[in-house]
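Asker: For reference, this is run33.txt, and it has compact mmCIF, C-alpha atoms.
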# COMPACT_ATOMS: atom_id res chain seq x y z
CA MET V 9 16.19 15.21 -16.99
CA SER V 10 13.95 12.78 -15.10
CA GLU V 11 12.14 13.51 -11.86
CA PRO V 12 14.38 12.67 -8.88
CA ARG V 13 11.82 10.24 -7.46
CA ALA V 14 11.62 8.47 -10.83
CA GLU V 15 15.27 7.45 -10.59
CA GLY V 16 16.32 4.21 -8.96
CA PRO V 17 14.69 0.78 -8.83
CA ALA V 18 10.99 0.18 -9.43
CA LEU V 19 10.81 -2.43 -6.65
CA VAL V 20 12.66 -2.48 -3.36
CA TRP V 21 12.51 -5.54 -1.09
CA ALA V 22 13.05 -5.87 2.66
CA GLY V 23 12.35 -8.60 5.18
CA GLU V 24 12.19 -12.36 4.95
CA SER V 25 11.36 -14.20 1.75
CA GLY V 26 8.44 -16.56 2.36
CA ALA V 27 6.93 -14.37 5.09
CA PRO V 28 3.53 -12.71 4.56
CA VAL V 29 3.86 -10.02 1.89
CA VAL V 30 3.10 -6.32 2.16
CA LEU V 31 2.97 -4.74 -1.30
CA VAL V 32 3.32 -0.97 -0.96
CA LEU V 33 2.22 1.07 -4.00
CA ASP V 34 4.00 4.36 -3.39
CA PRO V 35 3.03 7.34 -5.58
CA LEU V 36 5.81 9.51 -4.09
CA GLY V 37 8.67 7.18 -4.97
CA GLU V 38 10.29 6.83 -1.56
CA ALA V 39 12.96 4.09 -1.26
CA LYS V 40 15.00 5.64 -4.06
CA HIS V 41 18.27 4.29 -2.64
CA GLU V 42 17.17 0.63 -2.61
CA GLU V 43 16.09 0.68 1.04
CA ILE V 44 12.59 0.98 2.40
CA PRO V 45 11.94 3.99 4.65
CA PRO V 46 13.46 3.29 8.10
CA THR V 47 10.03 3.68 9.71
CA TRP V 48 9.06 0.39 7.99
CA ASN V 49 11.90 -1.69 9.47
CA GLU V 50 9.75 -3.10 12.28
CA ILE V 51 7.12 -4.29 9.79
CA ALA V 52 9.87 -5.84 7.65
CA GLY V 53 11.01 -7.75 10.72
CA ASP V 54 8.27 -10.34 10.27
CA ARG V 55 7.04 -9.69 6.74
CA HIS V 56 8.38 -9.50 3.21
CA VAL V 57 7.88 -5.89 2.17
CA CYS V 58 7.85 -5.07 -1.53
CA TRP V 59 7.99 -1.30 -2.00
CA CYS V 60 6.76 -0.43 -5.49
CA ARG V 61 7.95 3.02 -6.53
CA LEU V 62 5.21 4.16 -8.91
CA PRO V 63 7.05 7.19 -10.37
CA VAL V 64 9.60 4.78 -11.88
CA ALA V 65 8.66 3.75 -15.42
CA GLY V 66 7.09 0.30 -15.33
CA GLY V 67 6.74 0.20 -11.53
CA LEU V 68 3.06 -0.72 -11.50
CA THR V 69 3.61 -3.26 -14.29
CA GLU V 70 6.35 -4.95 -12.27
CA ALA V 71 4.06 -5.14 -9.25
CA GLU V 72 1.32 -6.64 -11.40
CA GLU V 73 3.75 -9.25 -12.73
CA LEU V 74 4.64 -10.21 -9.15
CA MET V 75 0.96 -10.66 -8.32
CA ALA V 76 0.56 -12.93 -11.34
CA ASP V 77 2.87 -15.52 -9.73
CA PRO V 78 1.52 -16.03 -6.20
CA ASP V 79 3.68 -19.13 -5.60
CA ALA V 80 6.84 -17.10 -6.09
CA LEU V 81 5.51 -14.07 -4.22
CA GLY V 82 4.11 -15.74 -1.12
CA SER V 83 0.91 -15.11 0.74
CA PRO V 84 -1.11 -13.63 2.13
CA VAL V 85 -0.58 -10.34 0.35
CA ASP V 86 -1.68 -7.09 1.95
CA ILE V 87 -1.64 -4.07 -0.37
CA VAL V 88 -0.93 -0.59 1.02
CA VAL V 89 -1.84 2.22 -1.35
CA SER V 90 -2.09 5.98 -1.16
CA GLY V 91 -4.61 8.55 -2.40
CA PRO V 92 -3.69 9.13 -6.01
CA ASN V 93 -3.37 5.40 -6.64
CA ALA V 94 -6.23 4.07 -4.53
CA PHE V 95 -8.04 2.79 -7.61
CA ASP V 96 -4.89 1.02 -8.84
CA GLY V 97 -4.60 -0.88 -5.57
CA LEU V 98 -8.28 -1.78 -5.46
CA ASP V 99 -8.26 -2.89 -9.09
CA MET V 100 -5.10 -4.96 -8.56
CA ALA V 101 -6.74 -6.69 -5.59
CA ALA V 102 -9.82 -7.43 -7.71
CA ARG V 103 -7.62 -9.18 -10.29
CA HIS V 104 -5.96 -11.30 -7.59
CA THR V 105 -8.70 -12.17 -5.10
CA GLY V 106 -7.17 -15.57 -4.38
CA THR V 107 -3.94 -13.99 -3.13
CA VAL V 108 -4.84 -10.62 -1.60
CA ARG V 109 -6.04 -10.52 2.01
CA SER V 110 -6.48 -6.77 2.40
CA VAL V 111 -6.16 -3.34 0.83
CA LEU V 112 -5.07 -0.67 3.30
CA LEU V 113 -5.79 2.83 2.05
CA VAL V 114 -4.02 6.06 3.03
CA ASP V 115 -5.82 9.32 2.23
CA PRO V 116 -7.99 7.85 -0.54
CA GLU V 117 -10.03 11.06 -0.49
CA SER V 118 -7.06 13.00 -1.84
CA HIS V 119 -7.76 11.51 -5.25
CA SER V 120 -10.70 13.45 -6.68
CA LEU V 121 -13.30 11.01 -5.44
CA HIS V 122 -16.16 13.15 -6.66
CA ASP V 123 -15.47 11.59 -10.05
CA GLY V 124 -14.87 8.10 -8.74
CA GLU V 125 -16.88 7.74 -5.54
CA ASP V 126 -19.33 5.28 -7.09
CA ARG V 127 -16.49 3.31 -8.66
CA MET V 128 -14.62 3.16 -5.34
CA SER V 129 -17.73 2.10 -3.44
CA THR V 130 -18.55 -0.57 -6.01
CA ARG V 131 -15.01 -1.95 -6.07
CA ARG V 132 -14.86 -1.94 -2.26
CA SER V 133 -18.13 -3.92 -2.06
CA GLU V 134 -16.88 -6.42 -4.65
CA LEU V 135 -13.66 -6.97 -2.75
CA GLU V 136 -15.36 -7.31 0.61
CA GLY V 137 -17.75 -9.81 -1.00
CA ALA V 138 -14.68 -11.80 -2.08
CA GLY V 139 -13.40 -11.83 1.51
CA ILE V 140 -10.82 -9.05 1.11
CA THR V 141 -10.65 -6.47 3.88
CA VAL V 142 -10.66 -2.88 2.61
CA THR V 143 -10.00 -0.19 5.18
CA VAL V 144 -8.68 3.35 5.47
CA VAL V 145 -5.73 3.23 7.86
CA ALA V 146 -4.61 6.87 7.82
CA ARG V 147 -5.82 10.30 6.82
CA THR V 148 -4.27 13.75 6.77
CA PHE V 149 -5.79 16.16 9.26
CA GLU V 150 -5.97 19.90 8.85
CA GLY V 151 -4.06 22.01 11.35
CA ASP V 152 -0.85 21.73 13.32
CA ARG V 153 -0.95 17.93 13.64
CA ASP V 154 -0.03 17.30 10.00
CA ARG V 155 2.22 19.85 8.41
CA ILE V 156 1.98 18.31 4.96
CA GLY V 157 -0.96 18.07 2.62
CA PRO V 158 -2.56 14.82 1.52
CA PRO V 159 -1.68 12.21 0.82
CA LEU V 160 0.52 11.43 3.79
CA PRO V 161 3.78 9.82 2.66
CA LEU V 162 3.65 6.07 3.18
CA GLY V 163 6.82 6.32 5.27
CA HIS V 164 5.14 8.74 7.72
CA PRO V 165 5.28 7.31 11.29
CA ASP V 166 1.49 7.66 11.74
CA VAL V 167 0.89 5.66 8.56
CA VAL V 168 3.35 2.96 9.59
CA GLN V 169 1.85 2.66 13.07
CA GLU V 170 -1.67 2.21 11.67
CA VAL V 171 -0.53 -0.24 8.99
CA HIS V 172 1.30 -2.30 11.61
CA SER V 173 -1.72 -2.30 13.97
CA THR V 174 -4.06 -3.31 11.17
CA LEU V 175 -1.78 -6.12 9.96
CA THR V 176 -1.46 -7.43 13.52
CA ALA V 177 -5.27 -7.45 13.89
CA LEU V 178 -5.66 -9.21 10.52
CA ASP V 179 -3.11 -11.82 11.58
CA ALA V 180 -5.02 -12.46 14.81
CA THR V 181 -8.30 -12.80 12.92
CA SER V 182 -6.71 -15.15 10.37
CA ARG V 183 -5.21 -17.38 13.08
CA GLY V 184 -8.55 -17.43 14.88
CA GLY V 185 -10.18 -18.95 11.82
CA VAL V 186 -12.71 -16.17 11.49
Using structure tokens, write down the structure that the file contains.

Answerer:
Amino acid sequence: MSEPRAEGPALVWAGESGAPVVLVLDPLGEAKHEEIPPTWNEIAGDRHVCWCRLPVAGGLTEAEELMADPDALGSPVDIVVSGPNAFDGLDMAARHTGTVRSVLLVDPESHSLHDGEDRMSTRRSELEGAGITVTVVARTFEGDRDRIGPPLPLGHPDVVQEVHSTLTALDATSRGGV
């Protein structure tokens, strides 16, 4: 029997085709029932959200295939990725520097960075040198505030609020020609 989060589609779409794209690489496999988490509906109101459910076989491959055809996908592309898959998101952005505008990280520390800290720092510097913004948008905090361990689910309201704020700031910077 397969894991419950591994059932369902690998990619779930919401929002307007042709709008700026948010590619969400979700290690927890939310959006099992072909709908993005409701907390993301506001973001999908003015963007084309592609929710990639990584527990589904071939999920990351399908996302990579999308990135290989930027004309069909649309741009800019902002990647949102969580702890256990932070490297996947950073590496994907490095392969598609002409399309990706930013990589927004959630709890990247939850992925054994003692083994990959140099790799993460190097990749981050490479991406920033290519004009791609790399920033941590949300972290789990110890105590009563967060009742779940890292990484925070990408559908968590705090994550969504920070992603939305960051995308809005990136849009303003892009329009300003900076």

Asker: Given the choices V:Gly23, V:Gly139, V:Gly97, V:Pro78, which gets closest to V:Cys60 if the distance is worked out from all atoms listed in the file?

Answerer: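 Nearest candidate to V:Cys60 out of V:Gly23, V:Gly139, V:Gly97, V:Pro78: V:Gly97.
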
Asker: Please indicate the distance in Å from atom CA of V:His104 to atom CA of V:Glu70, rounded to one decimal place.

Answerer: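 We find that atom CA of V:His104 and atom CA of V:Glu70 lie 14.6 Å from each other.
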
Asker: Got a sec: who's within 12 Å of V:Pro17, counting all atoms listed in the file, leaving out chain neighbours fewer than 2 positions off, as a list in words?

Answerer: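 With the cut-off at 12 Å, the set is Pro12, Arg13, Ala14, Glu15, Leu19, Val20, Trp21, Gly37, Glu38, Ala39, Lys40, His41, Glu42, Glu43, Ile44, Cys58, Trp59, Cys60, Arg61, Leu62, Pro63, Val64, Ala65, Gly66, Gly67 and Glu70 of chain V.
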
Asker: Please compute the atom CA of V:Leu135-atom CA of V:Gly106 distance, one decimal, in Å.

Answerer: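 Distance between the two atoms: 10.9 Å.
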
Asker: Determine the nearest neighbour of V:Ile87 from the options V:Val57, V:Met75, V:Val32, V:Ala27, counting all atoms listed in the file.

Answerer: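 Of V:Val57, V:Met75, V:Val32, V:Ala27, the one nearest V:Ile87, counting all atoms listed in the file, is V:Val32.
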
Asker: List as a ChimeraX atom specification the protein and nucleic acid residues near stretch 90-92 of chain V, meaning an atom at most 10 Å away when only C-alpha atoms are counted, but skip any in the same chain fewer than 2 places from it.

Answerer: /V:32-36,88,94-97,112-121,144,146-147,158-162
